[in-house]
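S.K.: Take a look at this one; I'll ask things after.
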Amino acid sequence: MGTRKSKCYVNFLGCEKRKLDAQRVINYFRANGYSLASQSADADVVVFLTCAFCDKYENFSIAKLDKIYKQKKHAAPFIVGGCLPAINPDRLKSYPDAIQIQTRELDILDTLLQISVPMSAIGDPNTTIFDQKGSFMPQAAGFKSPAEINYEAAKKGYKIRINWGCLGRCAYCVTRFAEKTLKSKHISEILCEFQQGLDAGFTTFFLTGGDTGAYGLDLGTSIVDLLQQIFAIPGNYTIHFHDFGVHWLCSNFVKLLPLLQANQDKLGCFCFPIQSGSDRILRLMRRSYSAEMLYATLLPLKSLVPSLKLGTHFIVGFPGEADDDFQRTAQLLRDLPFDFVEVYRYKDHVRADSRTLPNKVPDDVILQRNAHLDQIFREKFAS
């Protein structure tokens, strides 16, 4: 392998991080003399990066993986990466010849293939061939606010991964088993990528990572330091933040607020996943903030920095979520100035700690609560 006649097929399913990983693998193969096959049947080596965010997306991954596997050449190595090998490898038992690699172990490809350019020489991509091909996840129908439309469009712009992993241990989360603990990219590398994007004519920047709000804590710096240095770069641009842990907003609020106020013209959408408005449920989820903290930060943030668009996630039907807990979430959604909201329906996962919690919420109740939050947001937005 590795000659100019060799072809690779690389595909993915999942988030922007997996999309960037897939593009990095493509760049790696190209650097080693491979051309890109449009389908697995034409490839000499096949790589598919999976999503295992929850059972639903595991099933999407398996369905797509199965199709790719059945079409590939019998002798072509079949490499499965992304989150599934770390989170639920039992789902891959039907593919005994699959070579499994975990999310942060792409350099293992060096030992599997006869190559001359190692993975360590391949930098993080900022754009991908997948950006203009539409969604790789089944998309829910329904209302999307202008802020959400802009946020989704930003994902197809210039992306910068600022870190991997997180410092949390949320009871419902299984992604942490794949993403591992926090590893931040040095500020100098991020600034270099940012400047390269500006030089190439990009004006929309999408900053992504395991928990972007935790940036730098493993390096003795912080998200405040990063933003200060980015905003010092002149230019006409807008920054969007993916999955910014809201507790980091709370703990850094005194420093972040004046920084954001001074750079309002450069702010797009910051997504702060909240999950619940009930302190009792937040404790069960192992989220390190309270509803009071959310009111104390998000209300003044939107009031004093009105150009900033706020996005969030909620989980409905977490084990033990009584009607009173849900009503607190509903009230928080009414009170806080979110510009887009994504609601997830809780379901037990074999690896999630929350699966052992009692008082499961019936599926029909979960559906009702999901619909109720959607309706609250639509009515609030329409008003």
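Naming scheme: A, B, ... for chains in displayed order of the structure tokens; residues 1 onward per chain; ligands 1 onward as shown.
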Report as a list of chain:residue names all protein, DNA and RNA residues lying within 7 Å of Asp218 (chain A), evaluated on only C-alpha atoms, omitting residues in the same chain fewer than 4 positions from it.
M.R.: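 The residues that qualify are A:Leu182, A:Lys183, A:Ser184.
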S.K.: What parts of region 33-212 of chain A does DSSP call strand (DSSP E)? I'd like the answer as a list in words.
M.R.: Ser35, Leu36, Val45, Val46, Val47, Phe48, Leu49, Thr50, Phe78, Ile79, Val80, Gly81, Gly82, Ile99, Gln100, Tyr158, Lys159, Ile160, Arg161, Asn163, Trp164, Lys183, Ser184, Thr204, Phe205, Phe206, Leu207 and Thr208 of chain A
S.K.: Save the residues we just selected, C-alpha atoms, as a short mmCIF file (atom, residue, chain, number, x, y, z; two decimals), in the first residue's frame?
M.R.:
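The resulting part.cif:
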```
data_model
loop_
_atom_site.label_atom_id
_atom_site.label_comp_id
_atom_site.auth_asym_id
_atom_site.auth_seq_id
_atom_site.Cartn_x
_atom_site.Cartn_y
_atom_site.Cartn_z
CA SER A 35 -6.22 8.95 -3.85
CA LEU A 36 -9.72 9.26 -2.46
CA VAL A 45 -8.38 0.60 2.68
CA VAL A 46 -11.63 1.73 4.32
CA VAL A 47 -11.98 3.99 7.38
CA PHE A 48 -15.26 4.85 9.07
CA LEU A 49 -15.47 7.10 12.15
CA THR A 50 -18.53 6.46 14.28
CA PHE A 78 -11.68 -2.10 7.50
CA ILE A 79 -10.77 0.44 10.19
CA VAL A 80 -13.46 1.62 12.59
CA GLY A 81 -12.75 4.67 14.71
CA GLY A 82 -14.65 7.47 16.39
CA ILE A 99 -9.62 -2.92 13.20
CA GLN A 100 -10.78 -0.69 16.03
CA TYR A 158 -13.74 27.76 9.34
CA LYS A 159 -13.45 25.44 12.33
CA ILE A 160 -10.79 25.47 15.03
CA ARG A 161 -10.54 22.66 17.55
CA ASN A 163 -9.31 21.19 23.00
CA TRP A 164 -10.19 17.52 23.43
CA LYS A 183 -6.21 18.26 26.52
CA SER A 184 -5.96 21.84 25.26
CA THR A 204 -16.94 33.14 10.44
CA PHE A 205 -15.05 31.03 12.96
CA PHE A 206 -16.47 28.01 14.79
CA LEU A 207 -14.50 27.06 17.90
CA THR A 208 -15.10 23.48 18.96
#
```
S.K.: Run DSSP on the backbone of this structure and report the residues of region 266-348 of chain A it assigns to alpha helix (DSSP H), as a PyMOL selection string.
M.R.: chain A and resi 279-285+291-304+323-335
S.K.: Applying 10 Å and only C-alpha atoms, which residues near Phe29 (chain A) remain after dropping the ones on its own chain fewer than 4 positions away? List them as a list of chain:residue names.
M.R.: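 Non-adjacent residues within range: A:Gly2, A:Ser6, A:Lys7, A:Cys8, A:Tyr9, A:Val10, A:Gln23, A:Arg24, A:Val25, A:Gly33, A:Tyr34, A:Ser35, A:Leu36, A:Val45, A:Leu109, A:Leu113, A:Ile115, A:Val117, A:Pro118, A:Met119, A:Ile122.
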S.K.: Tell me which protein, DNA and RNA residues are within 12 Å of Gln71 (chain A), counting only C-alpha atoms, leaving out same-chain ones fewer than 4 positions away, and put them as a compact mmCIF listing (two decimals) with N, CA and C atoms, in the first residue's frame.
M.R.:
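As a result, selection-v7.txt now contains:
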```
# COMPACT_ATOMS: atom_id res chain seq x y z
N TYR A 9 -11.00 5.01 1.24
CA TYR A 9 -12.35 5.51 1.43
C TYR A 9 -12.47 5.91 2.89
N SER A 38 -14.65 7.34 -4.00
CA SER A 38 -15.98 7.88 -3.69
C SER A 38 -16.88 6.85 -3.03
N GLN A 39 -16.50 5.58 -3.10
CA GLN A 39 -17.28 4.53 -2.43
C GLN A 39 -16.33 3.44 -1.95
N SER A 40 -16.76 2.72 -0.91
CA SER A 40 -15.88 1.73 -0.30
C SER A 40 -15.53 0.59 -1.25
N ALA A 41 -16.39 0.30 -2.22
CA ALA A 41 -16.14 -0.79 -3.16
C ALA A 41 -14.89 -0.57 -4.00
N ASP A 42 -14.47 0.68 -4.14
CA ASP A 42 -13.31 1.00 -4.99
C ASP A 42 -12.03 1.21 -4.19
N ALA A 43 -12.08 1.03 -2.87
CA ALA A 43 -10.95 1.40 -2.02
C ALA A 43 -10.09 0.21 -1.62
N VAL A 46 -10.38 1.06 3.98
CA VAL A 46 -11.63 1.73 4.32
C VAL A 46 -11.59 2.17 5.78
N LYS A 64 -24.96 2.75 8.92
CA LYS A 64 -24.06 3.27 7.88
C LYS A 64 -22.82 2.40 7.74
N LEU A 65 -22.29 1.98 8.88
CA LEU A 65 -21.12 1.10 8.89
C LEU A 65 -21.41 -0.19 8.14
N ASP A 66 -22.57 -0.77 8.38
CA ASP A 66 -22.93 -2.03 7.76
C ASP A 66 -22.99 -1.91 6.23
N LYS A 67 -23.53 -0.81 5.76
CA LYS A 67 -23.62 -0.58 4.32
C LYS A 67 -22.22 -0.46 3.70
N ALA A 75 -10.67 -8.03 0.70
CA ALA A 75 -9.33 -7.95 1.26
C ALA A 75 -8.97 -6.58 1.82
N ALA A 76 -9.81 -5.60 1.60
CA ALA A 76 -9.47 -4.24 2.05
C ALA A 76 -9.56 -4.14 3.57
N PHE A 78 -10.51 -2.87 7.08
CA PHE A 78 -11.68 -2.10 7.50
C PHE A 78 -11.39 -1.54 8.88
```
S.K.: Please report the interatomic distance between CA of Glu148 (chain A) and CA of Thr103 (chain A) in Å with one decimal.
M.R.: 27.5 Å
S.K.: Tell me which protein, DNA and RNA residues are within 12 Å of Lys56 (chain A), counting only C-alpha atoms, leaving out same-chain ones fewer than 3 positions away, and put them as a ChimeraX atom specification.
M.R.: /A:14,51-53,59-63,137-138,344-349
S.K.: Take CA of Asp324 (chain A) and CA of Ser278 (chain A) and report the distance between them in Å, one decimal.
M.R.: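 Interatomic distance, CA of Asp324 (chain A) to CA of Ser278 (chain A): 8.3 Å.
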S.K.: Would you please work out which residue, of A:Asp243, A:Asp339, A:Glu105, A:Asp90, is nearest to Ala214 (chain A) when using only C-alpha atoms?
M.R.: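 That would be A:Asp243, the residue with the smallest distance to Ala214 (chain A).
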